[in-house]
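Participant: My questions will all concern the structure given below.
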Amino acid sequence: MQARHLKSDLLFLLSATIWGFAFVAQRMGMDHVGPFTFNGIRFLLGALVLVPFIYRSRNDQPAKTDGIRPIQNTRLLAYGSLAGLAIFSGASLQQVGLVYTTAGKAGFITGLYVVIVPIMGLLWGQRTNPGTWGGALLAAAGMYLLSVNEDFTIAFGDLLELIGAVLWACHIHLIGWLSPKTDSLRLAFVQFMVCAMASLVTAVVFETAAVGDIAAAALPIIYGGALSVGVAYTLQVVAQRHAHPAHAAILLCLEAVFAAVGGWLILGEVMSGRGLMGCGLMFSGMLLSQLYGLVVKPEGPSGSLH
């Protein structure tokens with residue numbers, strides 16, 4: 001069991017590292033192409049990466065009768081389209097926001113979804129715990145130090161990332177509702193394809209990208225698509241089979257830290273002391289929100305997400 005936990009921890013750490021540095025790739029790619037072009041191609045690549053895994057899982061499952069499969073396929077298409085549009089909304093705001101803010105700040109602000117998810121769950125009767133509220137207060141204080149200027153205005157890019165974090169939280173709730181109803185890998189494939197198609201259609205309308213521009217952005221696109229969308233998602237699914245919940249919570253929160261480290265190492269981004277303090281408070285809030293329910297056991301039955 002210890003070996004399985006260690007393997008899961010390493011896979012979660014690798015996923016968090018890939019996702020953190022993906023913010024750097026997303027910012028570098030937009031030196032050559034627009035945000036919707038970048039997202040369209042990278043999510044298309046991410047979907048294609050899942051194809052071998054879907055084919056393998058299909059061979060491992062017993063054959064379905066002809067009467068059942070069309071119903072399942074129709075349901076899968078409907079669910080995947082709904083989830084894909086949610087991803088399209090969140091990813092678009094994240095990508096456009098990166099035009100106006102740094103990779104490090106985007107990573108920390110996006111990471112706020114781990115605090116937003118349980119609070120949002122209150123809307124449909126899910127219970128939460130004091131750690132969620134404490135984490136929310138710490139995250140809000142950190143967000144203020146990181147993004148609110150002296151004249152009490154928030155930077156445009158940071159605001160887009162914050163709205164995007166809310167949409168990512170919506171997507172997590174949506175996936176939590178849809179996943180038990182269909183195959184998770186196939187659902188991921190359909191949602192990535194829908195997001196890719198919606199992004200590419202938007203790019204055709206609002207952006208211009210020559211073949212040379214796309215070729216110049218090839219490495220960031222491949223990283224953001226094949227690795228961040230395809231490989232890291234698959235690693236997370238595998239790691240969750242034998243994961244220790246507390247370890248998973250901590251390691252996945254490190255995505256924001258790796259985004260800041262990548263921005264500093266590769267893009268030369270430097271945060272002020274005020275910004276670093278804000279990041280520290282936000283990271284503490286994320287951890288508190290994730291870990292409180294795992295350490296402090298509730299006295300009665302709870303519908304908490306954690």
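Going by the structure tokens order, chains are called A, B, ..., each with residues numbered from 1, while ligands are numbered from 1 in the order shown.
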Can you pull out the residues contacting Tyr100 in chain A? Cut-off 9 Å, using only C-alpha atoms, and skip same-chain residues under 5 positions away; I want them as a list in words.
Facilitator: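 Close residues of Tyr100 in chain A: Ala155, Phe156, Gly157 and Asp158 of chain A.
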Participant: Atoms to include: C-alpha atoms. Write the selected residues as a PDB file, in the first residue's frame.
Facilitator:
ATOM      1  CA  ALA A 155      -5.908  44.439 -13.084  1.00  0.00           C
ATOM      2  CA  PHE A 156      -7.893  43.409 -16.168  1.00  0.00           C
ATOM      3  CA  GLY A 157      -5.970  40.189 -16.757  1.00  0.00           C
ATOM      4  CA  ASP A 158      -6.308  39.163 -13.117  1.00  0.00           C
TER       5      ASP A 158
END
Participant: What lies within 10 Å of Asp183 in chain A using only C-alpha atoms, ignoring chain neighbours under 4 positions off, as a list of chain:residue names?
Facilitator: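 Listed by chain and then number, they are A:Ile54, A:Ser57, A:Gln72, A:Leu76, A:Leu178, A:Ser179, A:Leu187, A:Ala188.
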Participant: How would the residues just picked look written out with C-alpha atoms as an mmCIF file, in the first residue's frame?
Facilitator:
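Below you can see selection_24.cif, which holds the result:
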data_model
loop_
_atom_site.group_PDB
_atom_site.id
_atom_site.type_symbol
_atom_site.label_atom_id
_atom_site.label_comp_id
_atom_site.auth_asym_id
_atom_site.auth_seq_id
_atom_site.Cartn_x
_atom_site.Cartn_y
_atom_site.Cartn_z
ATOM 1 C CA ILE A 54 -9.963 4.826 -25.004
ATOM 2 C CA SER A 57 -10.335 0.462 -22.344
ATOM 3 C CA GLN A 72 -25.078 5.562 -24.530
ATOM 4 C CA LEU A 76 -22.152 10.757 -24.092
ATOM 5 C CA LEU A 178 -21.776 13.687 -15.293
ATOM 6 C CA SER A 179 -18.902 11.250 -14.605
ATOM 7 C CA LEU A 187 -16.361 11.997 -21.680
ATOM 8 C CA ALA A 188 -12.951 13.691 -21.546
#
Participant: Could you make a table, as a Markdown table, of the residues of range 70-115 of chain A that have an atom within 10 Å of an atom of range 43-50 of chain A, each with its nearest atom pair and distance in Å to one decimal, counting only C-alpha atoms, in chain and number order?
Facilitator:
| residue | atom | partner | partner_atom | distance |
| --- | --- | --- | --- | --- |
| A:Ile87 | CA | A:Phe43 | CA | 9.9 |
| A:Phe88 | CA | A:Phe43 | CA | 9.6 |
| A:Ala91 | CA | A:Phe43 | CA | 9.9 |
Participant: Hey, which bits of range 235-260 of chain A sit within 8 Å of range 4-13 of chain A, and for each residue what's the closest pair of atoms and how far apart in Å (one decimal), counting only C-alpha atoms, rows by chain and increasing number, as a Markdown table?
Facilitator:
| residue | atom | partner | partner_atom | distance |
| --- | --- | --- | --- | --- |
| A:Leu235 | CA | A:Leu11 | CA | 6.0 |
| A:Gln236 | CA | A:Phe12 | CA | 6.1 |
| A:Val238 | CA | A:Ser8 | CA | 7.7 |
| A:Ala239 | CA | A:Ser8 | CA | 4.4 |
| A:Gln240 | CA | A:Ser8 | CA | 7.0 |
| A:His242 | CA | A:His5 | CA | 6.1 |
| A:Ala243 | CA | A:Ser8 | CA | 5.4 |
| A:His244 | CA | A:His5 | CA | 6.3 |
| A:His247 | CA | A:Asp9 | CA | 6.6 |
| A:Ala248 | CA | A:Phe12 | CA | 6.5 |
| A:Leu251 | CA | A:Leu13 | CA | 5.6 |
| A:Leu252 | CA | A:Phe12 | CA | 6.4 |
| A:Leu254 | CA | A:Leu13 | CA | 7.9 |
Participant: Please dump the current selection as an mmCIF file, in the first residue's frame; keep N, CA and C atoms.
Facilitator:
data_model
loop_
_atom_site.group_PDB
_atom_site.id
_atom_site.type_symbol
_atom_site.label_atom_id
_atom_site.label_comp_id
_atom_site.auth_asym_id
_atom_site.auth_seq_id
_atom_site.Cartn_x
_atom_site.Cartn_y
_atom_site.Cartn_z
ATOM 1 N N LEU A 235 -2.587 10.938 -16.227
ATOM 2 C CA LEU A 235 -1.818 10.649 -15.015
ATOM 3 C C LEU A 235 -2.661 10.870 -13.762
ATOM 4 N N GLN A 236 -3.464 11.924 -13.765
ATOM 5 C CA GLN A 236 -4.313 12.202 -12.613
ATOM 6 C C GLN A 236 -5.341 11.082 -12.409
ATOM 7 N N VAL A 238 -5.080 7.947 -13.291
ATOM 8 C CA VAL A 238 -4.373 6.763 -12.802
ATOM 9 C C VAL A 238 -3.999 6.939 -11.334
ATOM 10 N N ALA A 239 -3.496 8.128 -10.981
ATOM 11 C CA ALA A 239 -3.037 8.372 -9.607
ATOM 12 C C ALA A 239 -4.178 8.304 -8.606
ATOM 13 N N GLN A 240 -5.362 8.714 -9.004
ATOM 14 C CA GLN A 240 -6.485 8.754 -8.073
ATOM 15 C C GLN A 240 -6.960 7.373 -7.636
ATOM 16 N N HIS A 242 -5.238 4.983 -6.262
ATOM 17 C CA HIS A 242 -4.627 4.572 -4.991
ATOM 18 C C HIS A 242 -4.077 5.777 -4.229
ATOM 19 N N ALA A 243 -4.697 6.924 -4.401
ATOM 20 C CA ALA A 243 -4.162 8.158 -3.824
ATOM 21 C C ALA A 243 -4.549 8.304 -2.357
ATOM 22 N N HIS A 244 -3.644 8.878 -1.579
ATOM 23 C CA HIS A 244 -3.981 9.340 -0.234
ATOM 24 C C HIS A 244 -4.587 10.734 -0.394
ATOM 25 N N HIS A 247 -2.417 13.788 0.547
ATOM 26 C CA HIS A 247 -1.270 13.958 -0.349
ATOM 27 C C HIS A 247 -1.717 14.555 -1.683
ATOM 28 N N ALA A 248 -2.825 14.041 -2.209
ATOM 29 C CA ALA A 248 -3.334 14.537 -3.490
ATOM 30 C C ALA A 248 -3.678 16.021 -3.400
ATOM 31 N N LEU A 251 -0.343 18.092 -3.246
ATOM 32 C CA LEU A 251 0.448 18.037 -4.470
ATOM 33 C C LEU A 251 -0.228 18.773 -5.622
ATOM 34 N N LEU A 252 -1.544 18.652 -5.747
ATOM 35 C CA LEU A 252 -2.232 19.344 -6.841
ATOM 36 C C LEU A 252 -2.249 20.856 -6.623
ATOM 37 N N LEU A 254 0.193 22.454 -5.644
ATOM 38 C CA LEU A 254 1.516 22.937 -6.050
ATOM 39 C C LEU A 254 1.549 23.419 -7.492
#
Participant: Can you tell me how far CA of Thr202 in chain A sits from CA of Ile214 in chain A, in Å to one decimal?
Facilitator: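 That distance, rounded to one decimal, is 16.1 Å.
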Participant: Which residue out of A:Ala216, A:Leu160, A:Met197, A:Ala86 has the minimum interatomic distance to His173 in chain A when only C-alpha atoms are used?
Facilitator: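 Residue with the minimum atom-to-atom distance to His173 in chain A: A:Ala86.
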